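Take a look at the structure set out below.
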Amino acid sequence: MSVEHSGRNAIRQWAGLLACVLVSTALAGAYEVFWRADLSIYDAALPVRSAPGDVVIVAVDDASIAELGRWPWSRATHARLMDQLTRSGVRAVALDILFTEPSAENATADAELAAAIARGPPTVLPLAVEMPGAGRPLRVLPPIPALAQVAAGTGHVHLELDRDGVGRSVFLREGPGEARLPHLMLSLLEHAPNEPTPVLKGGRHPDPDAAADVWVRDYQMLIPFLGAPGHFQRLSYADVLMGRVPSDRLRGKLVLVGMTAQGTGDSYPTPRSGHGVAMPGVEISANVLQGLREQNIIRPLPRVPAILLALVPIVLVALGFLRLSPSQSLILAGVAWLATLATSVFALQAAGYWWPPVATLAALLVMYPLWSWRRLEATQRYLDEELTRLARERFPFAGSPKPAIGTTPFADVIERRISIVREAVQRSRDARRLFADTLKALPAATILADDDGRVVISNPAAAKLFGVADEAALEGQPLDAFLGRNARDAALSFLNLSTHAPGELESLLQPAGRNVLVRTVPFMGGAGVRVGTIIEITDISELRAAQREREDTLRFLSHDMKSPASSLIGLARLQRDRERALAPEQLSQRLELLAQRLLALVDGFVGLARAEAVDPSAFEELDLRDALQDAIDEVWAVAQSRRIEVRAPLPTVSLLVQGDRTLLARALINLLGNALKFSPQGGSVQVRCRVHRRDVTVEVEDSGPGVAEEARDSLFQRFTRRVHRGQSDPGGAGLGLAFVRVVAEKHGGRVWMQGTPSGSALFAIALPLSSRSSAT
């Protein structure tokens, strides 16, 4: 299966899953499938706030019934209560007691109550509704005419019970055929002094075409309950009636008179009831009243916006699933779940809108398992295909190909898959070990770099080439960070190497000036796409040095050794010409000079070759003073002939070193001879021995003109001669100082030249002392 086809298939599955979840969520929201859970969230999210101090409930409680007698009481008793409230200076009264029929016990009681209401503050009375049934028409039962005429207003006190039997909302207007009858608390606010006219809000349910016998309700208001039953200030009916309540506790208050006694049937479960304690209807009305006063009316979000809002988190999370890893997708789903719940609570508490969130929460809960299942199924299918293909392939050191997953009869699929995965992992480990061991065994520095030019893997030879501790220090680093600071050739960069055609490229590395041969090969992945570059860097410095030595040797043979031989041939031809022939004595001198020169060249060349071929393991312990004495004795005659004083005080302690006495003596002879050659007649040569830590240094200082700064670096190379401006060629093949360098390196030491304050040249050779040397 191609990557492109797999990607399209994943998109189709994602779109199908998203469509199913969106449709399910929309249907669940439209049909309120999760209504019980939504209502539980609504109940828990309602904020608890303090009750207002200017709303008082005068409660017909158990204590009042015990004191005043069995309910119902005479309307004359209510008249006395109204007079008491009037004397206390209340602002308005809602007398939440039905008076739909005339008094049967006392004909004057209705008139007394009407007179008390007329004398008192604005008072509103409830009305009743008789629903149709059994041949009975729909009827509105207002208060008796005597009371209706003096009441400031009337209103219904219906409480809407949800499917769980809990009262959470009221309709602010109801009525037959048209919703024109206000709620009792809306009527109270419309007639109470110093109260702003309430603005009607809430869920609209108008029905302009309703028949006259159809009860129409509009402006549904979710009640913003302030707290549990008993949250509002309560005064006992009997205490107010008997004057036991100070007037200042009632003055300027809105008073609601209603039943709170047990068993009266005027109590309902509410979101704030709790522990089975119902809330009296009069206290529910008090909560409605305060919601209207504060315009804190909770309205259900309209159905279409609510459904659209429910779909937004689902779409956002689904889009995130396409881009995020499983763990990140889980975090996203969790965050979206919490954000959805927080949005619903915030809309309720801050904006006054109720949006049921459970349909979205349920969708978010199932989306991640469904999407993870789809991912797992796709991954499992891909792994089955790849593992089956891998099992059929042959691999070095492996057995015969394995059958495809599920093809073995009665085999457990999971066990077969585990077996093939185990074998694939082992093959991968074997292949990596084979690759790593092969790479490690390569003598040349070999590096695998990715397309960004970073080192993926390398071998110890590469670490040694670039001067790092081990190959681990190279991994993950930009290759140019090492090539850039080592390459003298700008072509030796990863960009050039990765785009260079496979083949060889020679360059020069700093600081040692090593010649390297770079070979590049593209590294192809399993799909045949280039994923990196294999770079092999071979140090060919020794090869190039050998080539230069060969060229120098050829030059030496063709020029320096050819010159005296040619002179000998010339002398032979000259002697055949009798007129130009030299005298025997003169001929003998010239022949001797040419032969000595040729012999010196051969001796120098052979000596250098012997020094380069010597095996340091054959060295023996010797006293360097002996080799130095041999050298001084060797040059004594030359020094005497030129009247040059050789000052060479030998140390009194032994200078034991591991070495070859003949080679060390010859090296010191070369240094002394070089100093004598460039010291003027009558000059001096100073020889000093110094011991520093574990090394002994022999310094030879001449009294000549010194060496130019630009010529010092090449003094110890083959066929380099020390020639001073304005002076004749001192002769020699330029092998003496090269011999000294080779001998010093073979003995684990070094040689150098430096200028002196007097302008002369000082040559020094340093050698490691033996552990038994008395100078240590």
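Chain labels follow the order of the structure tokens: the first chain is A, the next B, and so on; residue numbering restarts at 1 in every chain, and ligands are counted from 1 in their shown order.
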Item checked: Which of segment 96-262 of chain A DSSP labels strand (DSSP E or B), written as number ranges by chain -> A: 123-126, 128-130, 133, 136, 139-141, 153-156, 160-161, 167-176, 181-183, 203, 215-222, 233-236, 254-259
Item checked: Shell around Gly265 of chain A at 12 Å using only C-alpha atoms, local window under 2 positions removed, as a list in words -> Gly258, Met259, Thr260, Ala261, Gln262, Gly263, Ser267, Tyr268, Pro269, Ala278, Met279, Pro280, Gly281 and Val282 of chain A
Margin query: I'd like the neighbourhood of Val421 of chain A as number ranges by chain, where a residue qualifies if any of its atoms comes within 10 Å (using only C-alpha atoms), though same-chain residues fewer than 3 positions away should be ignored.
Written below: A: 383-384, 387-388, 390-391, 415-418, 424-427
Notebook entry, point to check: Given the choices A:Arg661, A:Arg454, A:Arg49, A:Lys677, which gets closest to Phe232 of chain A if the distance is worked out from only C-alpha atoms?
Noted result: A:Arg49
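Among the candidates A:Asp630, A:Arg173, A:Ala45, A:Gln681, the residue lying nearest to Thr662 of chain A is A:Asp630 (atoms considered: only C-alpha atoms).
With distances restricted to only C-alpha atoms, A:Arg519 is the closest residue to Thr446 of chain A from A:His158, A:Arg432, A:Arg519, A:Arg91.
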Item checked: Using only C-alpha atoms: which of A:Ala286, A:Met753, A:Ala211, A:Ala444 has the shortest distance to Leu226 of chain A ->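 So, comparing all the options, the nearest one is A:Ala286.
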Spatial neighbours of Ile447 of chain A, 6 Å, only C-alpha atoms, chain gap at least 3 places, as a compact mmCIF listing (two decimals) with N, CA and C atoms, in the first residue's frame:
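Listing of out_36.txt after writing:
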# COMPACT_ATOMS: atom_id res chain seq x y z
N SER A 458 29.46 6.81 12.88
CA SER A 458 30.83 6.91 12.38
C SER A 458 31.64 5.79 13.04
N ILE A 534 27.11 8.34 2.47
CA ILE A 534 28.22 7.63 3.11
C ILE A 534 29.51 8.30 2.63
N ILE A 535 30.31 8.76 3.57
CA ILE A 535 31.54 9.49 3.26
C ILE A 535 32.72 8.71 3.84
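By chain and then residue number, the residues within 9 Å of Leu39 of chain A are Phe34, Trp35, Arg36, Tyr42, Asp43, Ala44, Asp164, Pro271 and Pro356 of chain A, counting only C-alpha atoms and disregarding those fewer than 3 positions away in sequence.
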Notebook entry, point to check: Leaving out segment 303-307 of chain A and any residue of its chain fewer than 5 positions from it, which residues lie within 8 Å of it when counting only C-alpha atoms, given as a ChimeraX atom specification?
Noted result: /A:25-26,29-30,355-356
Note to self: Please report the interatomic distance between atom CA of Gly227 of chain A and atom CA of Leu348 of chain A in Å with one decimal.
What the structure shows: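 Pair atom CA of Gly227 of chain A / atom CA of Leu348 of chain A returns 15.8 Å.
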Note to self: Would you pick out the contacts of segment 185-195 of chain A at 12 Å or less, using only C-alpha atoms, so that residues sharing its chain but fewer than 4 positions from it are not included, and give the list as number ranges by chain?
What the structure shows: A: 54-55, 90-96, 121-127, 151-158, 170-174, 180-181, 199-201, 219, 221, 252-256, 281-295
Note to self: With DSSP run on the backbone, what are the alpha helix (DSSP H) residues within segment 156-325 of chain A? I'd like them as a ChimeraX atom specification.
What the structure shows: /A:184-191,237-241,281-293,303-323
Prev. selection, C-alpha atoms, output as a CSV table (one decimal), in the first residue's frame:
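The resulting again.csv:
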chain,number,residue,atom,x,y,z
A,184,LEU,CA,-47.4,36.8,40.8
A,185,MET,CA,-43.9,38.1,41.4
A,186,LEU,CA,-43.9,40.0,38.1
A,187,SER,CA,-47.2,41.6,39.1
A,188,LEU,CA,-45.7,42.5,42.5
A,189,LEU,CA,-42.7,44.3,40.9
A,190,GLU,CA,-45.1,46.1,38.5
A,191,HIS,CA,-47.0,47.6,41.4
A,237,TYR,CA,-47.1,34.7,60.9
A,238,ALA,CA,-48.2,34.5,64.5
A,239,ASP,CA,-45.3,36.7,65.7
A,240,VAL,CA,-46.1,39.4,63.1
A,241,LEU,CA,-49.9,39.2,63.9
A,281,GLY,CA,-43.8,27.7,47.1
A,282,VAL,CA,-43.6,31.1,48.8
A,283,GLU,CA,-39.8,30.8,49.0
A,284,ILE,CA,-39.6,29.7,45.3
A,285,SER,CA,-41.6,32.9,44.5
A,286,ALA,CA,-39.0,34.8,46.5
A,287,ASN,CA,-36.2,33.4,44.3
A,288,VAL,CA,-38.2,34.4,41.2
A,289,LEU,CA,-38.8,37.9,42.6
A,290,GLN,CA,-35.1,38.4,43.3
A,291,GLY,CA,-34.1,37.1,39.8
A,292,LEU,CA,-36.6,39.6,38.2
A,293,ARG,CA,-35.3,42.5,40.4
A,303,ARG,CA,-32.0,24.8,20.3
A,304,VAL,CA,-30.2,25.5,17.0
A,305,PRO,CA,-27.4,27.7,18.6
A,306,ALA,CA,-27.1,25.1,21.4
A,307,ILE,CA,-26.6,22.3,18.9
A,308,LEU,CA,-24.1,24.3,16.7
A,309,LEU,CA,-22.1,25.2,19.9
A,310,ALA,CA,-22.1,21.5,20.9
A,311,LEU,CA,-20.5,20.6,17.6
A,312,VAL,CA,-17.6,23.1,17.7
A,313,PRO,CA,-15.4,21.3,20.3
A,314,ILE,CA,-15.9,18.1,18.4
A,315,VAL,CA,-14.6,19.5,15.1
A,316,LEU,CA,-11.6,21.2,16.8
A,317,VAL,CA,-10.6,18.0,18.6
A,318,ALA,CA,-11.0,16.0,15.4
A,319,LEU,CA,-8.8,18.4,13.5
A,320,GLY,CA,-6.2,18.0,16.3
A,321,PHE,CA,-6.3,14.2,16.0
A,322,LEU,CA,-5.0,14.5,12.5
A,323,ARG,CA,-1.9,16.3,13.5
Item checked: Selected residue, from A:Met367, A:Ala449, A:Leu624, A:Ala76, that lies nearest to Trp337 of chain A when counting only C-alpha atoms -> A:Met367
